[in-house]
$ cat final.pdb   # PDB, C-alpha atoms and all ligand atoms
ATOM      1  CA  MET A   1     200.760   1.033 -18.723
ATOM      2  CA  SER A   2     201.157  -0.981 -21.901
ATOM      3  CA  ILE A   3     198.391  -3.091 -23.342
ATOM      4  CA  LYS A   4     199.378  -6.756 -23.613
ATOM      5  CA  ILE A   5     197.975  -8.933 -26.377
ATOM      6  CA  ALA A   6     198.833 -12.639 -26.365
ATOM      7  CA  LEU A   7     199.084 -14.524 -29.664
ATOM      8  CA  ALA A   8     197.833 -18.055 -29.113
ATOM      9  CA  GLY A   9     197.391 -20.918 -31.546
ATOM     10  CA  ASN A  10     198.362 -24.432 -32.585
ATOM     11  CA  PRO A  11     201.878 -25.174 -33.868
ATOM     12  CA  ASN A  12     202.134 -24.297 -37.590
ATOM     13  CA  CYS A  13     199.040 -22.080 -37.612
ATOM     14  CA  GLY A  14     201.193 -19.175 -38.848
ATOM     15  CA  LYS A  15     201.819 -17.521 -35.491
ATOM     16  CA  THR A  16     205.481 -16.668 -36.126
ATOM     17  CA  THR A  17     204.632 -15.232 -39.552
ATOM     18  CA  LEU A  18     201.917 -13.060 -37.987
ATOM     19  CA  PHE A  19     204.105 -12.039 -35.039
ATOM     20  CA  ASN A  20     206.884 -10.913 -37.398
ATOM     21  CA  ALA A  21     204.450  -9.033 -39.621
ATOM     22  CA  LEU A  22     202.868  -7.229 -36.654
ATOM     23  CA  THR A  23     206.044  -6.330 -34.794
ATOM     24  CA  GLY A  24     208.747  -6.063 -37.485
ATOM     25  CA  SER A  25     212.110  -5.478 -35.872
ATOM     26  CA  ASN A  26     210.662  -4.409 -32.500
ATOM     27  CA  GLN A  27     211.181  -7.815 -30.901
ATOM     28  CA  PHE A  28     212.757  -9.021 -27.667
ATOM     29  CA  VAL A  29     213.624 -12.699 -27.459
ATOM     30  CA  GLY A  30     214.466 -14.627 -24.285
ATOM     31  CA  ASN A  31     213.351 -17.692 -22.376
ATOM     32  CA  TRP A  32     210.355 -18.204 -20.115
ATOM     33  CA  PRO A  33     211.574 -18.242 -16.486
ATOM     34  CA  GLY A  34     213.130 -21.567 -15.471
ATOM     35  CA  VAL A  35     212.528 -23.373 -18.772
ATOM     36  CA  THR A  36     214.165 -23.512 -22.192
ATOM     37  CA  VAL A  37     211.035 -22.465 -24.027
ATOM     38  CA  GLU A  38     211.562 -19.382 -26.170
ATOM     39  CA  LYS A  39     209.788 -16.236 -25.068
ATOM     40  CA  LYS A  40     209.167 -13.571 -27.687
ATOM     41  CA  GLU A  41     207.521 -10.225 -27.252
ATOM     42  CA  GLY A  42     207.379  -7.264 -29.563
ATOM     43  CA  ARG A  43     205.834  -3.845 -29.883
ATOM     44  CA  LEU A  44     202.893  -3.650 -32.271
ATOM     45  CA  LYS A  45     203.905  -1.531 -35.260
ATOM     46  CA  GLY A  46     202.265   1.884 -35.175
ATOM     47  CA  TYR A  47     201.413   1.690 -31.457
ATOM     48  CA  LYS A  48     203.703   2.968 -28.688
ATOM     49  CA  ASP A  49     201.915   1.185 -25.903
ATOM     50  CA  VAL A  50     200.858  -2.235 -27.276
ATOM     51  CA  ILE A  51     202.988  -5.309 -26.593
ATOM     52  CA  ILE A  52     202.392  -8.549 -28.492
ATOM     53  CA  MET A  53     203.326 -11.653 -26.528
ATOM     54  CA  ASP A  54     204.002 -14.694 -28.720
ATOM     55  CA  LEU A  55     202.956 -17.760 -26.722
ATOM     56  CA  PRO A  56     204.341 -21.222 -27.578
ATOM     57  CA  GLY A  57     202.294 -23.137 -30.169
ATOM     58  CA  ILE A  58     199.968 -25.537 -28.323
ATOM     59  CA  TYR A  59     197.050 -27.880 -29.039
ATOM     60  CA  SER A  60     195.300 -27.612 -25.694
ATOM     61  CA  LEU A  61     195.295 -25.891 -22.313
ATOM     62  CA  SER A  62     195.727 -29.253 -20.591
ATOM     63  CA  PRO A  63     199.210 -29.150 -19.156
ATOM     64  CA  TYR A  64     200.785 -32.193 -20.821
ATOM     65  CA  THR A  65     203.737 -30.467 -22.471
ATOM     66  CA  LEU A  66     206.110 -27.808 -21.185
ATOM     67  CA  GLU A  67     204.778 -25.437 -23.852
ATOM     68  CA  GLU A  68     201.214 -25.955 -22.636
ATOM     69  CA  VAL A  69     202.264 -25.318 -19.028
ATOM     70  CA  VAL A  70     204.105 -22.119 -19.999
ATOM     71  CA  ALA A  71     201.255 -20.780 -22.127
ATOM     72  CA  ARG A  72     198.614 -21.642 -19.573
ATOM     73  CA  ASN A  73     200.508 -20.217 -16.599
ATOM     74  CA  TYR A  74     201.009 -16.988 -18.514
ATOM     75  CA  LEU A  75     197.342 -16.711 -19.467
ATOM     76  CA  ILE A  76     196.145 -17.477 -15.934
ATOM     77  CA  GLY A  77     198.849 -15.668 -13.968
ATOM     78  CA  GLU A  78     199.517 -12.594 -16.085
ATOM     79  CA  ARG A  79     196.058 -12.215 -17.620
ATOM     80  CA  PRO A  80     196.898 -10.348 -20.843
ATOM     81  CA  ASP A  81     194.428  -7.634 -21.866
ATOM     82  CA  ALA A  82     193.358  -9.656 -24.914
ATOM     83  CA  ILE A  83     194.058 -12.905 -26.741
ATOM     84  CA  LEU A  84     194.487 -12.964 -30.515
ATOM     85  CA  ASN A  85     193.709 -16.595 -31.299
ATOM     86  CA  ILE A  86     195.160 -17.638 -34.649
ATOM     87  CA  VAL A  87     193.411 -20.527 -36.293
ATOM     88  CA  ASP A  88     194.659 -22.360 -39.384
ATOM     89  CA  GLY A  89     191.665 -22.128 -41.732
ATOM     90  CA  THR A  90     192.839 -25.204 -43.656
ATOM     91  CA  ASN A  91     192.745 -27.256 -40.464
ATOM     92  CA  ILE A  92     190.006 -25.486 -38.569
ATOM     93  CA  GLU A  93     188.391 -28.470 -36.864
ATOM     94  CA  ARG A  94     191.564 -29.425 -35.034
ATOM     95  CA  ASN A  95     192.453 -25.809 -34.212
ATOM     96  CA  LEU A  96     189.092 -25.027 -32.608
ATOM     97  CA  TYR A  97     189.803 -27.470 -29.788
ATOM     98  CA  LEU A  98     192.232 -24.963 -28.268
ATOM     99  CA  SER A  99     189.892 -22.060 -29.048
ATOM    100  CA  THR A 100     187.048 -23.550 -26.999
ATOM    101  CA  GLN A 101     189.368 -23.588 -23.991
ATOM    102  CA  LEU A 102     190.838 -20.123 -24.562
ATOM    103  CA  MET A 103     187.288 -18.748 -24.574
ATOM    104  CA  GLU A 104     186.695 -20.077 -21.069
ATOM    105  CA  LEU A 105     189.553 -18.006 -19.604
ATOM    106  CA  GLY A 106     187.451 -14.871 -19.243
ATOM    107  CA  ILE A 107     189.927 -12.795 -21.293
ATOM    108  CA  PRO A 108     188.706 -10.649 -24.241
ATOM    109  CA  LEU A 109     189.420 -12.648 -27.404
ATOM    110  CA  ILE A 110     189.540 -12.043 -31.160
ATOM    111  CA  MET A 111     189.901 -14.947 -33.572
ATOM    112  CA  ALA A 112     191.987 -14.584 -36.733
ATOM    113  CA  VAL A 113     191.367 -17.327 -39.296
ATOM    114  CA  ASN A 114     194.668 -17.620 -41.155
ATOM    115  CA  MET A 115     195.694 -19.141 -44.529
ATOM    116  CA  MET A 116     192.748 -17.523 -46.302
ATOM    117  CA  ASP A 117     194.901 -17.308 -49.457
ATOM    118  CA  VAL A 118     195.060 -21.119 -49.480
ATOM    119  CA  LEU A 119     191.300 -21.401 -49.006
ATOM    120  CA  GLU A 120     190.746 -19.033 -51.896
ATOM    121  CA  LYS A 121     192.752 -21.393 -54.095
ATOM    122  CA  THR A 122     191.096 -24.595 -52.924
ATOM    123  CA  GLY A 123     187.613 -23.099 -53.001
ATOM    124  CA  ASP A 124     186.837 -24.339 -49.477
ATOM    125  CA  LYS A 125     184.552 -21.919 -47.658
ATOM    126  CA  ILE A 126     184.391 -20.681 -44.077
ATOM    127  CA  TYR A 127     181.328 -18.549 -43.307
ATOM    128  CA  ILE A 128     182.971 -16.062 -40.983
ATOM    129  CA  ASP A 129     179.804 -14.315 -39.736
ATOM    130  CA  LYS A 130     178.218 -17.616 -38.847
ATOM    131  CA  LEU A 131     181.430 -18.770 -37.155
ATOM    132  CA  SER A 132     181.526 -15.573 -35.113
ATOM    133  CA  GLU A 133     177.912 -16.071 -34.045
ATOM    134  CA  LYS A 134     178.455 -19.730 -33.099
ATOM    135  CA  LEU A 135     181.605 -18.943 -31.106
ATOM    136  CA  GLY A 136     180.475 -15.698 -29.494
ATOM    137  CA  CYS A 137     183.575 -13.730 -30.516
ATOM    138  CA  GLU A 138     184.686 -11.498 -33.386
ATOM    139  CA  VAL A 139     186.385 -13.354 -36.225
ATOM    140  CA  VAL A 140     188.681 -11.813 -38.835
ATOM    141  CA  GLU A 141     189.958 -13.486 -42.015
ATOM    142  CA  ILE A 142     193.694 -13.090 -42.546
ATOM    143  CA  SER A 143     196.651 -14.259 -44.567
ATOM    144  CA  ALA A 144     199.711 -13.756 -42.383
ATOM    145  CA  LEU A 145     201.885 -14.607 -45.394
ATOM    146  CA  LYS A 146     200.343 -12.027 -47.708
ATOM    147  CA  GLY A 147     199.633  -9.529 -44.934
ATOM    148  CA  THR A 148     195.925  -9.285 -45.727
ATOM    149  CA  GLY A 149     193.551  -8.665 -42.829
ATOM    150  CA  ILE A 150     196.325  -8.535 -40.235
ATOM    151  CA  GLN A 151     195.987  -4.828 -39.530
ATOM    152  CA  LYS A 152     192.259  -5.266 -39.000
ATOM    153  CA  ALA A 153     192.876  -8.216 -36.651
ATOM    154  CA  ALA A 154     195.418  -6.210 -34.642
ATOM    155  CA  GLU A 155     193.129  -3.170 -34.441
ATOM    156  CA  LYS A 156     190.233  -5.309 -33.250
ATOM    157  CA  ALA A 157     192.469  -6.939 -30.632
ATOM    158  CA  VAL A 158     193.585  -3.527 -29.351
ATOM    159  CA  ALA A 159     189.991  -2.284 -29.289
ATOM    160  CA  ILE A 160     188.682  -5.286 -27.359
ATOM    161  CA  ALA A 161     191.639  -5.064 -24.944
ATOM    162  CA  LYS A 162     190.786  -1.421 -24.233
ATOM    163  CA  SER A 163     187.057  -2.112 -23.930
ATOM    164  CA  LYS A 164     187.735  -4.977 -21.478
ATOM    165  CA  ASN A 165     184.711  -6.744 -22.960
ATOM    166  CA  VAL A 166     185.005 -10.389 -22.043
ATOM    167  CA  ASN A 167     183.277 -12.727 -24.472
ATOM    168  CA  VAL A 168     180.709 -14.857 -22.807
ATOM    169  CA  PRO A 169     181.362 -18.417 -23.992
ATOM    170  CA  VAL A 170     178.406 -19.581 -26.039
ATOM    171  CA  HIS A 171     179.275 -23.207 -25.527
ATOM    172  CA  ARG A 172     177.385 -24.983 -22.799
ATOM    173  CA  PHE A 173     178.055 -28.551 -21.721
ATOM    174  CA  ASP A 174     175.328 -31.104 -21.031
ATOM    175  CA  SER A 175     172.948 -29.685 -18.418
ATOM    176  CA  GLU A 176     174.082 -32.193 -15.779
ATOM    177  CA  VAL A 177     177.705 -31.196 -16.378
ATOM    178  CA  GLU A 178     176.788 -27.502 -16.276
ATOM    179  CA  LYS A 179     175.169 -28.019 -12.869
ATOM    180  CA  VAL A 180     178.409 -29.490 -11.520
ATOM    181  CA  ILE A 181     180.506 -26.710 -13.083
ATOM    182  CA  HIS A 182     178.296 -24.105 -11.381
ATOM    183  CA  SER A 183     178.463 -25.797  -8.014
ATOM    184  CA  ILE A 184     182.275 -25.998  -8.223
ATOM    185  CA  GLU A 185     182.450 -22.346  -9.328
ATOM    186  CA  GLU A 186     180.546 -21.335  -6.211
ATOM    187  CA  ARG A 187     183.066 -23.082  -3.985
ATOM    188  CA  LEU A 188     186.143 -21.430  -5.474
ATOM    189  CA  GLY A 189     188.014 -18.919  -3.322
ATOM    190  CA  SER A 190     188.243 -15.171  -3.847
ATOM    191  CA  ASP A 191     191.764 -15.634  -5.289
ATOM    192  CA  ILE A 192     190.064 -16.703  -8.529
ATOM    193  CA  VAL A 193     188.571 -13.688 -10.295
ATOM    194  CA  LYS A 194     184.958 -13.980 -11.413
ATOM    195  CA  GLU A 195     185.821 -14.209 -15.127
ATOM    196  CA  GLN A 196     188.184 -17.135 -14.539
ATOM    197  CA  LYS A 197     185.930 -19.214 -12.321
ATOM    198  CA  ARG A 198     184.457 -21.245 -15.184
ATOM    199  CA  PHE A 199     187.913 -22.191 -16.483
ATOM    200  CA  PHE A 200     189.126 -23.310 -13.029
ATOM    201  CA  ALA A 201     185.909 -25.219 -12.326
ATOM    202  CA  ILE A 202     186.189 -27.143 -15.613
ATOM    203  CA  LYS A 203     189.848 -27.963 -14.961
ATOM    204  CA  LEU A 204     189.061 -29.256 -11.445
ATOM    205  CA  LEU A 205     186.261 -31.340 -12.932
ATOM    206  CA  GLU A 206     188.795 -32.761 -15.401
ATOM    207  CA  LYS A 207     190.997 -33.800 -12.420
ATOM    208  CA  ASP A 208     193.751 -31.456 -13.511
ATOM    209  CA  GLU A 209     196.247 -31.670 -10.630
ATOM    210  CA  LYS A 210     198.531 -28.899 -11.899
ATOM    211  CA  ILE A 211     195.762 -26.298 -11.779
ATOM    212  CA  LYS A 212     195.715 -26.692  -7.976
ATOM    213  CA  THR A 213     199.185 -25.140  -7.750
ATOM    214  CA  GLN A 214     197.646 -21.930  -9.154
ATOM    215  CA  MET A 215     195.028 -21.754  -6.400
ATOM    216  CA  SER A 216     195.337 -20.684  -2.774
ATOM    217  CA  LYS A 217     192.170 -22.525  -1.739
ATOM    218  CA  VAL A 218     191.326 -25.803  -3.468
ATOM    219  CA  PRO A 219     187.809 -27.165  -2.891
ATOM    220  CA  ASP A 220     187.473 -30.949  -2.665
ATOM    221  CA  VAL A 221     185.370 -31.844  -5.705
ATOM    222  CA  SER A 222     185.769 -35.623  -5.504
ATOM    223  CA  LYS A 223     182.112 -36.189  -4.508
ATOM    224  CA  GLU A 224     180.837 -34.177  -7.483
ATOM    225  CA  ILE A 225     183.166 -36.105  -9.789
ATOM    226  CA  VAL A 226     182.042 -39.516  -8.521
ATOM    227  CA  ALA A 227     178.375 -38.514  -8.835
ATOM    228  CA  ILE A 228     178.595 -37.225 -12.426
ATOM    229  CA  GLU A 229     180.814 -40.136 -13.537
ATOM    230  CA  SER A 230     178.287 -42.661 -12.307
ATOM    231  CA  LYS A 231     175.366 -40.707 -13.739
ATOM    232  CA  LEU A 232     176.910 -40.358 -17.216
ATOM    233  CA  ASP A 233     178.862 -43.636 -17.040
ATOM    234  CA  ASP A 234     182.128 -42.087 -18.193
ATOM    235  CA  ASP A 235     185.139 -40.349 -16.651
ATOM    236  CA  THR A 236     184.988 -36.579 -16.424
ATOM    237  CA  GLU A 237     188.035 -36.040 -18.675
ATOM    238  CA  SER A 238     186.312 -37.931 -21.503
ATOM    239  CA  ILE A 239     182.966 -36.270 -20.843
ATOM    240  CA  VAL A 240     184.480 -32.788 -21.216
ATOM    241  CA  THR A 241     186.626 -33.722 -24.249
ATOM    242  CA  ASN A 242     183.758 -35.458 -26.066
ATOM    243  CA  GLU A 243     181.460 -32.534 -25.527
ATOM    244  CA  ARG A 244     184.045 -30.147 -26.940
ATOM    245  CA  TYR A 245     184.297 -32.301 -30.081
ATOM    246  CA  THR A 246     180.513 -32.475 -30.445
ATOM    247  CA  TYR A 247     180.312 -28.678 -30.228
ATOM    248  CA  ILE A 248     183.145 -28.286 -32.759
ATOM    249  CA  SER A 249     181.458 -30.725 -35.176
ATOM    250  CA  SER A 250     178.265 -28.688 -35.050
ATOM    251  CA  ILE A 251     180.289 -25.527 -35.826
ATOM    252  CA  ILE A 252     182.042 -27.196 -38.763
ATOM    253  CA  ASN A 253     178.724 -28.475 -40.150
ATOM    254  CA  GLU A 254     177.204 -25.016 -40.077
ATOM    255  CA  CYS A 255     180.174 -22.788 -40.909
ATOM    256  CA  CYS A 256     182.423 -24.677 -43.327
ATOM    257  CA  LYS A 257     181.935 -26.109 -46.786
ATOM    258  CA  LYS A 258     184.534 -28.186 -48.623
ATOM    259  CA  ASN A 259     184.875 -27.697 -52.355
ATOM    260  CA  LYS A 260     184.237 -31.253 -53.501
ATOM    261  CA  THR A 261     185.296 -30.549 -57.088
ATOM    262  CA  LYS A 262     188.783 -29.264 -56.270
ATOM    263  CA  LYS A 263     191.941 -30.807 -57.676
ATOM    264  CA  LEU A 264     194.060 -32.777 -55.234
ATOM    265  CA  THR A 265     197.056 -30.448 -55.393
ATOM    266  CA  VAL A 266     197.242 -26.694 -55.191
ATOM    267  CA  SER A 267     200.224 -24.904 -56.658
TER     268      SER A 267
HETATM  269  C1  LIG A 301     206.859 -22.554 -44.199
HETATM  270  N1  LIG A 301     199.269 -18.433 -46.025
HETATM  271  C2  LIG A 301     200.118 -19.402 -46.479
HETATM  272  N2  LIG A 301     199.932 -19.866 -47.698
HETATM  273  N3  LIG A 301     201.108 -19.885 -45.714
HETATM  274  C3  LIG A 301     201.262 -19.380 -44.462
HETATM  275  C4  LIG A 301     200.419 -18.377 -43.938
HETATM  276  C5  LIG A 301     199.360 -17.879 -44.773
HETATM  277  O1  LIG A 301     198.571 -17.004 -44.430
HETATM  278  N4  LIG A 301     200.838 -18.096 -42.693
HETATM  279  C6  LIG A 301     201.882 -18.891 -42.440
HETATM  280  N5  LIG A 301     202.148 -19.659 -43.504
HETATM  281  P1  LIG A 301     204.704 -20.334 -39.005
HETATM  282  P2  LIG A 301     203.907 -21.249 -36.379
HETATM  283  C7  LIG A 301     207.087 -23.319 -45.438
HETATM  284  O2  LIG A 301     207.710 -22.254 -43.426
HETATM  285  O3  LIG A 301     204.490 -18.868 -38.938
HETATM  286  C8  LIG A 301     203.171 -20.687 -43.637
HETATM  287  O4  LIG A 301     204.449 -22.614 -36.110
HETATM  288  C9  LIG A 301     208.355 -23.739 -45.751
HETATM  289  N6  LIG A 301     209.392 -23.426 -44.891
HETATM  290  O5  LIG A 301     205.207 -19.559 -44.279
HETATM  291  O6  LIG A 301     206.112 -20.809 -38.877
HETATM  292  C10 LIG A 301     204.546 -20.194 -43.222
HETATM  293  O7  LIG A 301     204.785 -20.169 -35.834
HETATM  294  C11 LIG A 301     208.528 -24.468 -46.935
HETATM  295  O8  LIG A 301     205.583 -22.201 -43.978
HETATM  296  O9  LIG A 301     203.791 -21.092 -37.959
HETATM  297  C12 LIG A 301     205.196 -21.497 -42.823
HETATM  298  O10 LIG A 301     202.510 -21.122 -35.923
HETATM  299  C13 LIG A 301     207.453 -24.745 -47.748
HETATM  300  O11 LIG A 301     202.860 -21.738 -42.745
HETATM  301  C14 LIG A 301     204.055 -22.292 -42.219
HETATM  302  C15 LIG A 301     206.202 -24.326 -47.402
HETATM  303  O12 LIG A 301     204.026 -20.852 -40.340
HETATM  304  C16 LIG A 301     203.991 -22.206 -40.688
HETATM  305  C17 LIG A 301     206.012 -23.618 -46.243
HETATM  306  C18 LIG A 301     210.726 -23.819 -45.192
END
$ encode --input "final.pdb" --output "C-alpha cells"
Amino acid sequence: MSIKIALAGNPNCGKTTLFNALTGSNQFVGNWPGVTVEKKEGRLKGYKDVIIMDLPGIYSLSPYTLEEVVARNYLIGERPDAILNIVDGTNIERNLYLSTQLMELGIPLIMAVNMMDVLEKTGDKIYIDKLSEKLGCEVVEISALKGTGIQKAAEKAVAIAKSKNVNVPVHRFDSEVEKVIHSIEERLGSDIVKEQKRFFAIKLLEKDEKIKTQMSKVPDVSKEIVAIESKLDDDTESIVTNERYTYISSIINECCKKNKTKKLTVS
C-alpha cells in the first residue's frame, strides 16, 4: 500500500512550486469527483510507494468555498497518512489560521515554512525551534523556489507518516470552551475515530451544518451551545475564531521578529 501525503496550505503559499519540485514529471491531473476543482497527485521523487496529494489552496477548514469543501472532505474521509502543511513565511500570521485547524484533525503533520529566501533578504526572523515547540509539531524551513530544505521536509513527512505519530494539539481553548468540547466528544458515535473526535466536536460547536453529512450519528449539541453562548456572551463561531487569533498572536510575539531597519523594497 502506498503512503499518502497531503500538501495543504493557503493560496499562493508556494504549494504548486513545491509539488512540482517534489514530484517532477510523475504527476496525474484530473478533477475531484463531481466538481470542477483540479485534482493533482504525483509520486514523490526517489520513493516508489509515496504519493503526494496536492489539495486546493484554502484559508480555513470551514466549508465556505468549494475548495474548502473538497480539501476538508478529503482530509476527513480519506485520512492521508500525513499532512505537509506549507506556510508562507512572509505572511505567517494569516497562514497559521489554517494550520491550527489542520492540527486538530488527528493526522500526523509536518510544517514547512516556505519563502525562506525572501526572509533572508528582508532580515525578518522566524525562530523555528520555538515555533515547533509552540505548535507541537516539527517545522522545517524551505524555499520551494530554490529547492532548499524540500528534501528534508519530504523525508520528515514520510517518516511521520510511517510512524503514525499524531501530534497532540498544544492549543487549548478557554477552560469553559474545553469543557464543552470534551462533553461533545464523549457523545460522538463510533463512526468518528478517536483522533478525529476533537475536530468534529469543535465543528459541531461552531454550528457547522455540513460536517453533519460526514457523520452517521449526530448528537444534538444545541443545549451546550446555548449555555456557553450565554456564559461567554458571544456566539460560538466568534468564540472559536477569536481564540484561534489570540493563540496565533501569542505565537507571532514569541517566534517572529520583523527587521525594522529594512528597506521598503526587496529586489
Ligand atoms: C509567481 N521563494 C520565492 N521567492 N518565491 C516563491 C517560493 C519561494 O520559496 N515558492 C513559491 N514562490 P505557487 P500556490 C510569480 O508565480 O507555487 C512563488 O498558489 C510570478 N508569476 O514562484 O504558484 C512562485 O500553488 C511573477 O510566483 O503557489 C509564485 O500555493 C512574479 O510564489 C508564487 C513573481 O507560488 C506562488 C512571482 C508570473
$ resolve_selection --input "final.pdb" --expression "the PyMOL selection byres (((chain A and resi 80) around 12) and not hetatm)" --output "PyMOL selection string"
chain A and resi 2-8+50-55+71-79+81-84+105-109+157-158+160-162+164+166
$ closest_residue --input "final.pdb" --among "A:Lys210, A:Lys40, A:Lys223, A:Arg198" --to "ligand LIG 301 (chain A)" --atoms "only C-alpha atoms and all ligand atoms"
A:Lys40
$ residues_near_ligand --input "final.pdb" --ligand "ligand LIG 301 (chain A)" --cutoff "7 Å" --atoms "only C-alpha atoms and all ligand atoms" --output "list in words"
Gly9, Asn10, Pro11, Asn12, Cys13, Gly14, Lys15, Thr16, Thr17, Leu18, Gly57, Asn114, Met115, Met116, Asp117, Val118, Ile142, Ser143, Ala144, Leu145 and Lys146 of chain A
$ resolve_selection --input "final.pdb" --expression "the PyMOL selection byres (((chain A and resi 254) around 10) and not hetatm)" --output "ChimeraX atom specification"
/A:126-127,130-131,134,248-253,255-257
$ atom_distance --input "final.pdb" --atom1 "atom CA of A:Glu141" --atom2 "atom CA of A:Val113"
4.9 Å
$ atom_distance --input "final.pdb" --atom1 "atom CA of A:Asn26" --atom2 "atom CA of A:Arg43"
5.5 Å
$ resolve_selection --input "final.pdb" --expression "the PyMOL selection byres (((chain A and resi 180) around 10) and not hetatm)" --output "ChimeraX atom specification"
/A:175-179,181-186,201-202,205,221,224-225,227-228
$ write_last_selection --input "final.pdb" --atoms "C-alpha atoms" --output "PDB file, in the coordinates of the input"
ATOM      1  CA  SER A 175     172.948 -29.685 -18.418  1.00  0.00           C
ATOM      2  CA  GLU A 176     174.082 -32.193 -15.779  1.00  0.00           C
ATOM      3  CA  VAL A 177     177.705 -31.196 -16.378  1.00  0.00           C
ATOM      4  CA  GLU A 178     176.788 -27.502 -16.276  1.00  0.00           C
ATOM      5  CA  LYS A 179     175.169 -28.019 -12.869  1.00  0.00           C
ATOM      6  CA  ILE A 181     180.506 -26.710 -13.083  1.00  0.00           C
ATOM      7  CA  HIS A 182     178.296 -24.105 -11.381  1.00  0.00           C
ATOM      8  CA  SER A 183     178.463 -25.797  -8.014  1.00  0.00           C
ATOM      9  CA  ILE A 184     182.275 -25.998  -8.223  1.00  0.00           C
ATOM     10  CA  GLU A 185     182.450 -22.346  -9.328  1.00  0.00           C
ATOM     11  CA  GLU A 186     180.546 -21.335  -6.211  1.00  0.00           C
ATOM     12  CA  ALA A 201     185.909 -25.219 -12.326  1.00  0.00           C
ATOM     13  CA  ILE A 202     186.189 -27.143 -15.613  1.00  0.00           C
ATOM     14  CA  LEU A 205     186.261 -31.340 -12.932  1.00  0.00           C
ATOM     15  CA  VAL A 221     185.370 -31.844  -5.705  1.00  0.00           C
ATOM     16  CA  GLU A 224     180.837 -34.177  -7.483  1.00  0.00           C
ATOM     17  CA  ILE A 225     183.166 -36.105  -9.789  1.00  0.00           C
ATOM     18  CA  ALA A 227     178.375 -38.514  -8.835  1.00  0.00           C
ATOM     19  CA  ILE A 228     178.595 -37.225 -12.426  1.00  0.00           C
TER      20      ILE A 228
END
$ closest_residue --input "final.pdb" --among "A:Gly42, A:Pro63, A:Gly189, A:Gly24" --to "A:Asp208" --atoms "all atoms listed in the file"
A:Pro63
$ atom_distance --input "final.pdb" --atom1 "atom CA of A:Asp174" --atom2 "atom CA of A:Ile128"
26.1 Å
$ closest_residue --input "final.pdb" --among "A:Glu104, A:Val139, A:Lys152, A:Ser62" --to "A:Lys194" --atoms "only C-alpha atoms"
A:Glu104
$ closest_residue --input "final.pdb" --among "A:Thr261, A:Asn85, A:Asn91, A:Thr213" --to "A:Val140" --atoms "all atoms listed in the file"
A:Asn85
$ closest_residue --input "final.pdb" --among "A:Glu41, A:Glu209, A:Glu237, A:Asp191" --to "A:Thr23" --atoms "all atoms listed in the file"
A:Glu41
$ closest_residue --input "final.pdb" --among "A:Ala159, A:Val37, A:Leu22, A:Ala153" --to "A:Glu68" --atoms "only C-alpha atoms"
A:Val37
$ axis_aligned_box --input "final.pdb" --around "stretch 8-11 of chain A" --padding-each-side "3 Å" --output "JSON"
{"center_x": 199.6, "center_y": -21.6, "center_z": -31.5, "size_x": 10.5, "size_y": 13.1, "size_z": 10.8}
$ residues_around --input "final.pdb" --residues "A:Ser60" --least-positions-apart "4" --cutoff "9 Å" --atoms "only C-alpha atoms" --output "PyMOL selection string"
chain A and resi 10+64+68+97-99+101-102
